[in-house]
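Have a look at data-v3.txt; it's compact mmCIF, C-alpha atoms:
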# COMPACT_ATOMS: atom_id res chain seq x y z
CA MET A 1432 48.55 77.93 112.89
CA LEU A 1433 47.99 75.05 115.30
CA LYS A 1434 48.26 77.55 118.11
CA ALA A 1435 45.50 79.66 116.58
CA TYR A 1436 43.35 76.51 116.33
CA TYR A 1437 44.03 75.62 119.94
CA HIS A 1438 43.42 79.10 121.33
CA LEU A 1439 40.11 79.52 119.55
CA LEU A 1440 39.00 76.04 120.56
CA MET A 1441 39.81 76.77 124.19
CA ARG A 1442 38.06 80.13 124.04
CA ASP A 1443 34.87 78.55 122.74
CA LEU A 1444 34.98 75.75 125.31
CA ARG A 1445 35.54 78.27 128.10
CA LEU A 1446 32.65 80.42 126.90
CA ALA A 1447 30.38 77.39 126.77
CA LEU A 1448 31.36 76.20 130.22
CA ARG A 1449 30.46 79.60 131.66
CA ASN A 1450 27.05 79.31 130.05
CA ARG A 1451 26.13 75.79 131.01
CA HIS A 1452 22.36 75.93 130.70
CA GLU A 1453 22.69 76.50 126.97
CA LEU A 1454 25.01 73.56 126.80
CA ALA A 1455 22.42 71.16 128.21
CA ASN A 1456 19.67 72.10 125.75
CA PRO A 1457 20.45 69.72 122.87
CA LEU A 1458 21.13 66.88 125.28
CA ILE A 1459 17.83 67.38 127.12
CA PHE A 1460 16.01 67.56 123.80
CA PHE A 1461 17.62 64.30 122.69
CA VAL A 1462 16.78 62.45 125.89
CA LEU A 1463 13.23 63.82 126.05
CA VAL A 1464 12.30 62.85 122.49
CA VAL A 1465 13.68 59.34 122.80
CA THR A 1466 12.05 58.74 126.20
CA LEU A 1467 8.67 60.13 125.11
CA PHE A 1468 8.43 57.81 122.13
CA PRO A 1469 7.72 54.57 124.01
CA LEU A 1470 4.99 56.37 125.95
CA ALA A 1471 3.21 57.31 122.76
CA VAL A 1472 3.38 53.95 120.96
CA THR A 1473 3.00 50.30 121.96
CA PRO A 1474 5.97 49.75 124.25
CA THR A 1475 6.61 46.08 123.49
CA PRO A 1476 10.34 45.25 123.29
CA ASP A 1477 10.03 44.09 119.69
CA ALA A 1478 8.29 47.24 118.52
CA LEU A 1479 10.76 49.44 120.39
CA ARG A 1480 13.71 47.54 118.97
CA ALA A 1481 12.39 48.01 115.45
CA MET A 1482 11.94 51.75 115.98
CA ALA A 1483 15.02 52.44 118.05
CA PRO A 1484 17.62 53.13 115.30
CA GLY A 1485 15.40 55.60 113.51
CA VAL A 1486 14.12 57.34 116.62
CA ILE A 1487 17.55 57.75 118.16
CA TRP A 1488 19.18 58.93 114.95
CA VAL A 1489 16.42 61.38 114.06
CA SER A 1490 16.48 62.84 117.58
CA ALA A 1491 20.26 63.19 117.51
CA LEU A 1492 20.09 64.88 114.12
CA LEU A 1493 17.45 67.35 115.25
CA ALA A 1494 19.31 68.03 118.49
CA VAL A 1495 22.39 69.01 116.46
CA LEU A 1496 20.29 71.05 114.04
CA LEU A 1497 18.74 73.03 116.90
CA SER A 1498 22.15 73.80 118.36
CA LEU A 1499 23.73 74.94 115.08
CA ASP A 1500 22.57 78.52 115.42
CA ARG A 1501 24.98 78.96 118.31
CA LEU A 1502 27.98 78.21 116.10
CA PHE A 1503 28.56 81.68 114.64
CA LYS A 1504 25.65 83.76 115.92
CA GLN A 1505 27.30 85.25 118.97
CA ASP A 1506 30.54 86.00 117.16
CA TYR A 1507 28.61 87.60 114.35
CA ASP A 1508 26.54 89.76 116.69
CA ASP A 1509 29.44 91.10 118.73
CA GLY A 1510 31.83 91.60 115.82
CA SER A 1511 34.32 88.90 116.81
CA LEU A 1512 33.66 87.16 113.52
CA ASP A 1513 35.14 90.14 111.66
CA GLN A 1514 38.25 89.86 113.78
CA LEU A 1515 38.51 86.13 112.99
CA MET A 1516 38.27 86.95 109.31
CA LEU A 1517 41.01 89.56 109.68
CA SER A 1518 43.33 87.05 111.28
CA PRO A 1519 46.61 86.35 109.48
CA ASN A 1520 45.85 82.66 110.06
CA PRO A 1521 43.86 80.75 107.44
CA LEU A 1522 40.14 81.15 108.12
CA MET A 1523 39.65 77.42 107.44
CA ILE A 1524 41.69 76.53 110.51
CA LEU A 1525 39.68 78.90 112.69
CA VAL A 1526 36.43 77.51 111.29
CA LEU A 1527 37.65 74.01 112.04
CA ALA A 1528 38.39 75.09 115.63
CA LYS A 1529 34.88 76.45 116.05
CA VAL A 1530 33.32 73.33 114.57
CA THR A 1531 35.46 71.13 116.80
CA ALA A 1532 34.26 73.05 119.83
CA HIS A 1533 30.67 72.72 118.63
CA TRP A 1534 31.01 68.97 118.22
CA LEU A 1535 32.70 68.53 121.61
CA LEU A 1536 29.83 70.45 123.23
CA THR A 1537 26.87 68.91 121.39
CA GLY A 1538 27.81 65.84 119.33
CA LEU A 1539 30.02 64.17 121.89
CA PRO A 1540 27.51 64.39 124.78
CA LEU A 1541 24.92 62.81 122.48
CA VAL A 1542 27.30 59.96 121.68
CA ILE A 1543 27.96 59.44 125.38
CA ILE A 1544 24.31 59.35 126.42
CA ALA A 1545 23.15 57.32 123.40
CA PRO A 1546 24.04 53.83 124.76
CA LEU A 1547 21.73 54.41 127.73
CA LEU A 1548 18.91 55.36 125.42
CA GLY A 1549 19.73 52.37 123.21
CA LEU A 1550 19.29 50.02 126.16
CA PHE A 1551 16.16 51.91 127.11
CA MET A 1552 14.77 51.11 123.66
CA SER A 1553 15.81 47.46 124.24
CA LEU A 1554 18.51 47.37 121.59
CA PRO A 1555 20.81 44.33 121.84
CA MET A 1556 24.36 45.02 123.06
CA ASP A 1557 25.90 44.54 119.60
CA ALA A 1558 23.58 47.11 118.13
CA VAL A 1559 24.36 49.53 120.97
CA SER A 1560 28.06 49.47 120.12
CA VAL A 1561 27.23 50.02 116.44
CA LEU A 1562 25.03 52.93 117.55
CA ILE A 1563 28.02 54.47 119.31
CA TYR A 1564 30.28 54.01 116.28
CA SER A 1565 27.72 55.37 113.84
CA LEU A 1566 27.04 58.45 115.98
CA LEU A 1567 30.75 58.92 116.56
CA LEU A 1568 31.31 59.04 112.80
CA GLY A 1569 28.06 60.78 111.93
CA THR A 1570 27.71 63.64 114.44
CA PRO A 1571 30.98 65.38 113.41
CA VAL A 1572 29.65 65.41 109.84
CA LEU A 1573 26.45 67.01 111.12
CA SER A 1574 28.49 69.78 112.78
CA LEU A 1575 30.80 70.27 109.78
CA VAL A 1576 28.06 70.38 107.16
CA GLY A 1577 25.84 72.43 109.46
CA ALA A 1578 28.58 75.06 109.69
CA ILE A 1579 28.24 75.71 105.94
CA GLY A 1580 24.54 76.40 106.33
CA VAL A 1581 24.98 78.55 109.42
CA SER A 1582 27.66 80.67 107.77
CA LEU A 1583 25.24 81.40 104.93
CA THR A 1584 22.30 82.24 107.17
CA VAL A 1585 23.93 83.91 110.19
CA ALA A 1586 23.23 87.39 108.82
CA VAL A 1587 19.57 86.59 108.24
CA ASN A 1588 17.17 87.39 111.05
CA ARG A 1589 15.35 84.23 112.07
CA GLY A 1590 17.23 82.21 109.50
CA GLY A 1591 16.18 78.96 111.16
CA VAL A 1592 13.80 77.80 108.45
CA LEU A 1593 16.25 78.71 105.73
CA LEU A 1594 18.98 76.86 107.60
CA SER A 1595 16.87 73.69 107.80
CA LEU A 1596 16.08 73.94 104.10
CA ILE A 1597 19.74 74.20 103.19
CA ILE A 1598 21.03 71.62 105.61
CA LEU A 1599 18.44 68.84 105.81
CA PRO A 1600 18.98 67.49 102.28
CA LEU A 1601 22.67 67.18 103.09
CA TYR A 1602 21.89 65.42 106.36
CA ILE A 1603 19.69 62.78 104.81
CA PRO A 1604 22.46 60.42 103.57
CA ILE A 1605 24.02 60.51 107.04
CA LEU A 1606 20.67 59.71 108.62
CA ILE A 1607 19.99 56.84 106.22
CA PHE A 1608 23.37 55.16 106.61
CA GLY A 1609 23.60 55.83 110.35
CA ALA A 1610 20.17 54.48 111.19
CA ASN A 1611 20.55 51.64 108.72
CA ALA A 1612 23.81 50.53 110.34
CA VAL A 1613 22.09 50.19 113.73
CA ASP A 1614 19.05 48.58 112.15
CA VAL A 1615 21.15 45.95 110.40
CA ALA A 1616 23.13 45.33 113.59
CA THR A 1617 19.94 44.52 115.53
CA ASP A 1618 19.45 41.65 113.06
CA GLY A 1619 23.01 40.51 113.71
CA LEU A 1620 24.28 41.27 110.20
CA PRO A 1621 27.67 42.84 109.36
CA VAL A 1622 27.69 46.65 109.26
CA THR A 1623 31.20 47.37 107.96
CA GLY A 1624 29.85 48.84 104.73
CA GLN A 1625 27.66 51.45 106.41
CA LEU A 1626 30.37 52.43 108.88
CA LEU A 1627 32.95 52.74 106.11
CA PHE A 1628 30.55 54.95 104.20
CA LEU A 1629 30.09 57.19 107.26
CA GLY A 1630 33.87 57.30 107.72
CA ALA A 1631 34.37 58.28 104.09
CA VAL A 1632 31.79 61.05 104.38
CA LEU A 1633 33.49 62.26 107.54
CA ALA A 1634 36.87 62.42 105.77
CA LEU A 1635 35.28 64.32 102.92
CA ALA A 1636 33.51 66.72 105.28
CA VAL A 1637 36.64 67.42 107.36
CA SER A 1638 38.61 68.31 104.26
CA LEU A 1639 35.99 70.29 102.34
CA ALA A 1640 33.43 71.72 104.76
CA PRO A 1641 35.80 74.20 106.50
CA LEU A 1642 36.81 75.54 103.10
CA ALA A 1643 33.19 75.97 102.01
CA THR A 1644 32.33 77.52 105.38
CA SER A 1645 35.14 80.07 105.23
CA VAL A 1646 34.14 81.12 101.72
CA ALA A 1647 30.52 81.42 102.84
CA LEU A 1648 31.57 83.52 105.84
CA ARG A 1649 33.47 85.91 103.59
CA ILE A 1650 30.37 86.25 101.42
CA THR A 1651 28.26 86.94 104.52
CA ALA A 1652 30.72 89.57 105.76
CA SER A 1653 30.80 91.33 102.42
CA ARG A 1654 27.12 92.18 102.65
CA MET B 93 52.06 101.88 102.14
CA LEU B 94 48.42 101.53 101.28
CA GLU B 95 47.14 102.36 97.81
CA ILE B 96 43.51 102.61 96.87
CA GLN B 97 43.11 102.52 93.11
CA SER B 98 39.87 103.78 91.57
CA ILE B 99 37.52 101.73 93.69
CA GLU B 100 33.78 101.78 93.39
CA CYS B 101 31.12 100.71 95.85
CA VAL B 102 27.49 100.01 95.08
CA ARG B 103 25.13 99.22 97.90
CA ASP B 104 21.52 98.21 97.36
CA ASP B 105 21.63 99.65 93.82
CA ARG B 106 22.95 102.96 95.06
CA LEU B 107 26.35 104.17 93.97
CA LEU B 108 28.18 105.24 97.13
CA PHE B 109 31.40 106.29 95.46
CA SER B 110 33.24 105.52 92.29
CA ASP B 111 36.71 106.05 90.90
CA LEU B 112 38.00 106.81 94.37
CA SER B 113 41.79 106.77 94.61
CA PHE B 114 44.12 107.80 97.38
CA SER B 115 47.09 106.44 99.21
CA VAL B 116 48.27 106.34 102.78
CA ALA B 117 51.99 106.55 103.36
CA ASP B 118 53.87 105.44 106.46
CA ALA B 119 53.44 107.85 109.37
CA GLU B 120 50.38 109.38 107.80
CA VAL B 121 46.98 110.01 109.36
CA LEU B 122 43.98 110.08 107.07
CA GLN B 123 40.44 110.95 107.99
CA ILE B 124 37.53 109.75 105.87
CA GLU B 125 34.85 112.42 106.02
CA GLY B 126 31.32 112.45 104.84
CA PRO B 127 27.73 112.58 106.02
CA ASN B 128 25.79 109.55 107.20
CA GLY B 129 25.22 107.07 104.43
CA SER B 130 28.08 108.33 102.31
CA GLY B 131 29.87 104.98 102.57
CA LYS B 132 32.55 105.56 105.18
CA THR B 133 32.04 102.22 106.87
CA SER B 134 31.74 100.45 103.53
CA LEU B 135 34.99 102.08 102.42
CA LEU B 136 36.80 100.99 105.57
CA ARG B 137 35.47 97.45 105.23
CA ILE B 138 36.65 97.42 101.63
CA ILE B 139 40.08 98.67 102.68
CA CYS B 140 40.43 95.89 105.21
CA GLY B 141 39.21 93.27 102.76
CA LEU B 142 36.00 92.30 104.53
CA ARG B 143 34.01 93.63 101.62
CA LEU B 144 34.94 93.42 97.96
CA PRO B 145 34.97 96.64 95.93
CA ASP B 146 32.71 96.61 92.89
CA ALA B 147 35.66 97.86 90.87
CA GLY B 148 39.27 98.79 91.52
CA LYS B 149 42.08 97.48 93.67
CA ILE B 150 43.57 97.90 97.10
CA LYS B 151 47.30 97.38 97.38
CA TRP B 152 49.45 97.02 100.44
CA ARG B 153 53.20 97.39 99.87
CA GLY B 154 52.68 97.04 96.14
CA GLU B 155 50.65 93.84 96.20
CA THR B 156 46.88 93.49 96.04
CA ILE B 157 45.47 92.53 99.42
CA ALA B 158 43.55 89.58 97.99
CA SER B 159 46.78 87.94 96.83
CA ASN B 160 48.63 88.86 99.97
CA ARG B 161 46.05 88.46 102.72
CA GLU B 162 48.36 86.89 105.28
CA ASP B 163 51.00 89.64 105.26
CA TYR B 164 48.42 92.38 105.04
CA TYR B 165 46.45 91.11 108.02
CA ALA B 166 49.62 90.77 110.07
CA ASP B 167 50.25 94.50 109.42
CA MET B 168 46.70 95.77 109.77
CA VAL B 169 44.24 96.09 112.62
CA TYR B 170 40.61 97.09 112.26
CA ILE B 171 38.02 98.11 114.80
CA GLY B 172 34.43 98.60 113.73
CA HIS B 173 31.17 99.60 115.33
CA LEU B 174 30.77 96.38 117.27
CA PRO B 175 32.51 95.90 120.61
CA CYS B 176 33.93 92.36 120.02
CA VAL B 177 33.65 91.83 123.77
CA LYS B 178 32.38 88.55 125.18
CA ALA B 179 30.10 89.02 128.17
CA ASP B 180 31.33 85.81 129.84
CA LEU B 181 35.05 86.43 129.48
CA THR B 182 37.04 88.67 131.78
CA VAL B 183 38.70 91.81 130.45
CA LEU B 184 42.08 90.07 130.35
CA GLU B 185 40.64 87.04 128.56
CA ASN B 186 38.85 89.28 126.08
CA VAL B 187 42.06 91.07 125.18
CA ARG B 188 43.88 87.75 125.00
CA SER B 189 41.34 86.16 122.69
CA LEU B 190 41.49 89.19 120.40
CA LEU B 191 45.28 88.98 120.36
CA ASP B 192 45.10 85.23 119.73
CA THR B 193 43.41 85.89 116.40
CA ARG B 194 46.60 87.73 115.47
CA SER B 195 48.74 84.94 116.93
CA LEU B 196 50.28 87.27 119.48
CA SER B 197 51.02 85.73 122.83
CA LEU B 198 52.08 88.52 125.12
CA SER B 199 52.88 88.26 128.79
CA ASN B 200 50.28 89.26 131.35
CA SER B 201 52.36 92.21 132.50
CA ILE B 202 52.44 93.72 129.00
CA ILE B 203 48.68 93.33 128.63
CA GLU B 204 48.08 94.75 132.10
CA ALA B 205 50.24 97.76 131.27
CA ALA B 206 48.17 98.39 128.14
CA LEU B 207 44.94 98.00 130.12
CA ALA B 208 46.24 100.51 132.65
CA LYS B 209 47.02 102.89 129.82
CA VAL B 210 43.46 102.75 128.49
CA GLY B 211 42.05 103.24 131.97
CA LEU B 212 41.12 99.67 132.79
CA ALA B 213 43.69 99.07 135.51
CA SER B 214 42.34 96.69 138.19
CA TYR B 215 39.54 95.61 135.82
CA GLU B 216 41.52 92.59 134.55
CA ASP B 217 39.26 90.01 136.19
CA VAL B 218 35.95 91.76 135.68
CA PRO B 219 33.66 89.94 133.23
CA GLY B 220 32.70 91.75 130.04
CA LYS B 221 29.03 91.91 131.02
CA ALA B 222 29.85 94.13 134.01
CA LEU B 223 31.47 96.81 131.83
CA SER B 224 29.91 99.98 130.49
CA SER B 225 29.90 100.51 126.74
CA GLY B 226 32.73 103.03 127.04
CA GLN B 227 34.81 100.50 128.94
CA ARG B 228 34.13 97.92 126.24
CA ARG B 229 35.44 100.34 123.66
CA ARG B 230 38.53 100.78 125.82
CA ILE B 231 39.20 97.04 125.56
CA LEU B 232 39.39 97.55 121.82
CA LEU B 233 41.80 100.43 122.32
CA ALA B 234 44.03 98.13 124.37
CA PHE B 235 43.80 95.56 121.59
CA VAL B 236 44.81 98.14 118.96
CA GLU B 237 47.66 99.32 121.18
CA LEU B 238 48.97 95.76 121.59
CA SER B 239 48.29 94.60 118.04
CA GLN B 240 51.76 95.54 116.71
CA ALA B 241 50.04 96.53 113.48
CA LYS B 242 51.47 99.24 111.24
CA LEU B 243 48.16 100.26 109.77
CA TRP B 244 45.24 101.11 112.02
CA ILE B 245 41.79 101.25 110.49
CA LEU B 246 39.41 102.79 112.99
CA ASP B 247 35.71 103.13 112.31
CA GLU B 248 34.23 105.70 114.69
CA PRO B 249 36.76 104.97 117.44
CA LEU B 250 35.37 107.69 119.67
CA THR B 251 31.91 106.17 120.02
CA ALA B 252 30.89 105.95 123.68
CA LEU B 253 34.22 107.33 124.89
CA ASP B 254 34.32 110.13 127.49
CA VAL B 255 36.53 113.22 127.27
CA GLN B 256 39.53 111.40 128.72
CA GLY B 257 38.90 108.57 126.29
CA VAL B 258 38.96 110.94 123.35
CA GLU B 259 42.21 112.46 124.58
CA LEU B 260 43.63 108.97 125.00
CA MET B 261 42.67 108.03 121.46
CA GLU B 262 44.28 111.22 120.15
CA SER B 263 47.50 110.57 122.01
CA MET B 264 47.54 106.95 120.84
CA ILE B 265 47.21 108.05 117.22
CA LEU B 266 49.99 110.61 117.62
CA GLU B 267 52.28 108.06 119.25
CA HIS B 268 51.52 105.54 116.55
CA ARG B 269 52.29 108.11 113.88
CA GLN B 270 55.57 109.01 115.53
CA ALA B 271 56.51 105.34 115.50
CA GLY B 272 55.99 105.32 111.74
CA GLY B 273 52.54 103.80 111.68
CA SER B 274 49.61 104.97 109.62
CA VAL B 275 46.00 105.51 110.62
CA VAL B 276 42.81 105.66 108.58
CA PHE B 277 39.78 106.67 110.60
CA THR B 278 36.29 108.08 110.50
CA THR B 279 34.63 110.13 113.18
CA HIS B 280 31.77 112.53 113.68
CA HIS B 281 33.26 113.85 116.90
CA GLY B 282 35.90 116.51 116.84
CA MET B 283 39.32 114.97 117.08
CA GLN B 284 42.06 117.51 117.81
CA LEU B 285 45.14 115.96 116.32
CA ASP B 286 48.28 117.93 116.74
CA CYS B 287 49.80 116.81 113.48
CA GLU B 288 49.46 117.03 109.77
CA MET B 289 46.37 115.20 108.64
CA ARG B 290 44.82 114.58 105.25
CA SER B 291 41.21 113.87 104.62
CA VAL B 292 39.15 112.19 101.95
CA GLN B 293 35.68 113.53 101.37
CA LEU B 294 32.90 111.12 100.48
CA GLY B 295 29.41 111.80 99.20
CA GLN B 296 30.02 115.28 97.84
CA ASN B 297 28.45 115.01 94.43
CA LYS B 298 25.91 112.41 95.30
CA ARG B 299 23.27 114.27 97.22
CA LYS B 300 20.54 111.90 96.17
CA LEU B 301 22.34 109.08 97.90
CA GLN B 302 22.21 110.64 101.32
CA GLN B 303 18.57 110.01 102.00
CA ASP B 304 19.21 106.73 103.74
CA GLN B 305 20.89 106.21 107.05
CA ASP B 306 24.44 105.11 107.60
CA GLY B 307 25.92 102.85 104.93
CA CYS B 308 26.78 99.75 106.94

Before anything else, please render the file you have as structure tokens.
Amino acid sequence: MLKAYYHLLMRDLRLALRNRHELANPLIFFVLVVTLFPLAVTPTPDALRAMAPGVIWVSALLAVLLSLDRLFKQDYDDGSLDQLMLSPNPLMILVLAKVTAHWLLTGLPLVIIAPLLGLFMSLPMDAVSVLIYSLLLGTPVLSLVGAIGVSLTVAVNRGGVLLSLIILPLYIPILIFGANAVDVATDGLPVTGQLLFLGAVLALAVSLAPLATSVALRITASR
Amino acid sequence: MLEIQSIECVRDDRLLFSDLSFSVADAEVLQIEGPNGSGKTSLLRIICGLRLPDAGKIKWRGETIASNREDYYADMVYIGHLPCVKADLTVLENVRSLLDTRSLSLSNSIIEAALAKVGLASYEDVPGKALSSGQRRRILLAFVELSQAKLWILDEPLTALDVQGVELMESMILEHRQAGGSVVFTTHHGMQLDCEMRSVQLGQNKRKLQQDQDGC
């Protein structure tokens, strides 16, 4: 079972590394949005600092949302998804492997580049570390919950709007607590509560989202 | 042994078939026949559990496949219309990743022997995007050959194959049958199988249903 997880994870990573330009898209989007913001508004350090948590979190969320389509689309189009569903291994484990690969290829790069953008938006150092923690806890949830939506819409041509409609309401709590954690940290207040909440949501998502996704995939395949 | 018990399939408010029952014993080859849109692909997808029947049961070795998915999928291999080939993976990696879904880790030499058998010798390191559609189908044949499955479910396996490919498929089915395996397949091409073969006819009494194109 672990072997099946590992093999599928490695396959997806290998496929992504052979297709690097696609890989860079969410990251470029993230960096562009955050860097364009100061150009469009008054770029005083105070104003930037006040906006930074929201701007960075919203951009990260949208960057993940834009990359979600990739999660099952290719496998669905070439029939590999059927083979995954016909695997003697639990589909949940395979879904988890695909989501892990998705996070490693989109969420993790965002987390890595975020501190730079935080400094760029003149966030204090304490807030930058909170930004890293909140994204580290929040972006996996975005991938996990996103997978549920993608598995429902993968068979729909141009299901992008539908996907956003399904997913965005579920993303909102993550956005609120993630951005709020950074916001509170810029004022030098404790953020344990927000981070614990994000951690709890992550635990919930890891345990339930793959199950929901695999059921949704079976529904999609039965059409 | 596979048992299909009075299954029914409705697609877009059209009844494709109902009360369909048959069984497939070990070492038996069964062809599903019927015109386009008669539900052959839907039937095969129901048999392999990808699609749920609107009524009835499918049993493998006496147990329903829904309750026994793990064992059934270890014994069964399915190939459909789609090639399952990744453009950015080499032929060898493609076969490997297909086998990984079945948790089979075979040595390179075994895989290379199977690739040679399906006519892809020396193509091991060629990426999928450089292959013709017939060669992509041959990757699937190698996968079926290596799958160690007892039950083969083949949906139009001859699509895009040349004359040698068709002969290869025929000989693979005969070999598999001799080894005690069973095959359920559909095809619109003539397959000359030198063995006893049963067939199930779909869409006979349902002329009005045939106006649309292929079922799946």

Straight-line distance linking CA of Met1482 in chain A with CA of Tyr1564 in chain A, stated in Å to one decimal: 18.5 Å

Mind running chain A against chain B at 12 Å and telling me each contacting residue's nearest atom pair with the distance in Å (one decimal), counting only C-alpha atoms, chain and number ascending, as a Markdown table?
| residue | atom | partner | partner_atom | distance |
| --- | --- | --- | --- | --- |
| A:Met1432 | CA | B:Ser195 | CA | 8.1 |
| A:Leu1433 | CA | B:Ser195 | CA | 10.1 |
| A:Lys1434 | CA | B:Ser195 | CA | 7.5 |
| A:Ala1435 | CA | B:Ser195 | CA | 6.2 |
| A:Tyr1436 | CA | B:Thr193 | CA | 9.4 |
| A:Tyr1437 | CA | B:Asp192 | CA | 9.7 |
| A:His1438 | CA | B:Asp192 | CA | 6.6 |
| A:Leu1439 | CA | B:Ser189 | CA | 7.4 |
| A:Leu1440 | CA | B:Ser189 | CA | 10.6 |
| A:Met1441 | CA | B:Ser189 | CA | 9.6 |
| A:Arg1442 | CA | B:Ser189 | CA | 7.0 |
| A:Asp1443 | CA | B:Ser189 | CA | 10.0 |
| A:Leu1444 | CA | B:Leu181 | CA | 11.5 |
| A:Arg1445 | CA | B:Leu181 | CA | 8.3 |
| A:Leu1446 | CA | B:Asp180 | CA | 6.3 |
| A:Ala1447 | CA | B:Asp180 | CA | 9.0 |
| A:Leu1448 | CA | B:Asp180 | CA | 9.6 |
| A:Arg1449 | CA | B:Asp180 | CA | 6.5 |
| A:Asn1450 | CA | B:Asp180 | CA | 7.8 |
| A:Arg1451 | CA | B:Asp180 | CA | 11.3 |
| A:Gln1505 | CA | B:Lys178 | CA | 8.7 |
| A:Asp1506 | CA | B:Cys176 | CA | 7.8 |
| A:Tyr1507 | CA | B:Cys176 | CA | 9.1 |
| A:Asp1508 | CA | B:Leu174 | CA | 7.9 |
| A:Asp1509 | CA | B:Cys176 | CA | 4.8 |
| A:Gly1510 | CA | B:Cys176 | CA | 4.8 |
| A:Ser1511 | CA | B:Cys176 | CA | 4.7 |
| A:Leu1512 | CA | B:Cys176 | CA | 8.3 |
| A:Asp1513 | CA | B:Leu142 | CA | 7.5 |
| A:Gln1514 | CA | B:Thr193 | CA | 7.0 |
| A:Leu1515 | CA | B:Thr193 | CA | 6.0 |
| A:Met1516 | CA | B:Leu142 | CA | 7.5 |
| A:Leu1517 | CA | B:Tyr165 | CA | 5.9 |
| A:Ser1518 | CA | B:Thr193 | CA | 5.3 |
| A:Pro1519 | CA | B:Glu162 | CA | 4.6 |
| A:Asn1520 | CA | B:Glu162 | CA | 6.9 |
| A:Pro1521 | CA | B:Glu162 | CA | 7.9 |
| A:Leu1522 | CA | B:Thr193 | CA | 10.1 |
| A:Ile1524 | CA | B:Thr193 | CA | 11.2 |
| A:Leu1525 | CA | B:Thr193 | CA | 8.7 |
| A:Ala1528 | CA | B:Thr193 | CA | 11.9 |
| A:Val1646 | CA | B:Leu142 | CA | 11.7 |
| A:Leu1648 | CA | B:Leu142 | CA | 9.9 |
| A:Arg1649 | CA | B:Leu142 | CA | 6.9 |
| A:Ile1650 | CA | B:Arg143 | CA | 8.2 |
| A:Thr1651 | CA | B:Arg143 | CA | 9.3 |
| A:Ala1652 | CA | B:Leu142 | CA | 6.1 |
| A:Ser1653 | CA | B:Arg143 | CA | 4.0 |
| A:Arg1654 | CA | B:Arg143 | CA | 7.1 |

Close residues, Phe277 in chain B itself excluded, 12 Å, only C-alpha atoms, min 3 positions apart in chain, as a VMD selection string: chain B and resid 116 120 to 126 132 to 133 135 to 137 139 169 to 172 243 to 250 261 to 262 265 274 280 to 281 283 289 to 292

Polymer residues at most 7 Å from Asp146 in chain B, only C-alpha atoms, same-chain spacing of 3 or more positions, as an MDAnalysis selection string: chainID B and resid 100:102

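Picture a line from CA of Leu1594 in chain A to CA of Val1576 in chain A; it runs 11.2 Å.
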
Polymer residues at most 12 Å from range 1633-1635 of chain A, only C-alpha atoms, same-chain spacing of 6 or more positions, as a PyMOL selection string: chain A and resi 1565-1576+1604-1605+1626-1627+1641-1643

Radius query 9 Å about (43.2, 95.2, 125.0), atoms used: all atoms listed in the file, as a PyMOL selection string: chain B and resi 183-184+186-188+190-191+203-204+206-207+210+230-239

Pairwise distance for CA of Gly211 in chain B and CA of Lys242 in chain B, rounded to one decimal in Å: 23.1 Å

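Between Thr1473 in chain A and the candidates A:Leu1562, A:Met1552, A:Ala1612, A:Ile1579, the tightest atom-to-atom separation, counting only C-alpha atoms, involves A:Met1552.
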
Residues within 10 Å of (26.2, 59.8, 123.5), counting all atoms listed in the file, listed as JSON, numbers by chain: {"A": [1458, 1461, 1491, 1537, 1538, 1539, 1540, 1541, 1542, 1543, 1544, 1545, 1546, 1547, 1548, 1549, 1562, 1563, 1566, 1567, 1570]}

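Minimum atom-to-atom distances from B:Leu112, B:Ala147, B:Leu223, B:Leu253 to Leu294 in chain B were compared using only C-alpha atoms, and the lowest value belongs to B:Leu112.
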
Counting all atoms listed in the file, the option among B:Ala208, B:Ala158, B:Val218, B:Ala241 closest to Gly272 in chain B: B:Ala241

Once you add 4 Å to each side, what are the centre and edge lengths of the axis-aligned box holding all listed atoms of range 1581-1589 of chain A? One decimal in Å, as AutoDock Vina command-line options, if you can.
--center_x 21.5 --center_y 83.0 --center_z 108.5 --size_x 20.3 --size_y 16.8 --size_z 15.1

Close residues, Ile96 in chain B itself excluded, 8 Å, all atoms listed in the file, min 2 positions apart in chain, as a PyMOL selection string: chain B and resi 94+98-99+112-115+139+148-151

Contacts of Trp152 in chain B at 6 Å (only C-alpha atoms; same-chain gap of 2+ positions) as an MDAnalysis selection string: chainID B and resid 93:94 154:155

Option closest in space to Ala1616 in chain A, from A:Leu1536, A:Val1559, A:Leu1497, A:Ala1455 [counting all atoms listed in the file]: A:Val1559

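Closest approach to Gly226 in chain B from the set B:Ala271, B:Val258, B:Ile157, B:Ala252 is made by B:Ala252, with distances taken over only C-alpha atoms.
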
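Distance annotation: of B:Leu107, B:Pro127, B:Thr182, B:Arg153, the residue with the minimal separation from Ser214 in chain B is B:Thr182; atom set is all atoms listed in the file.
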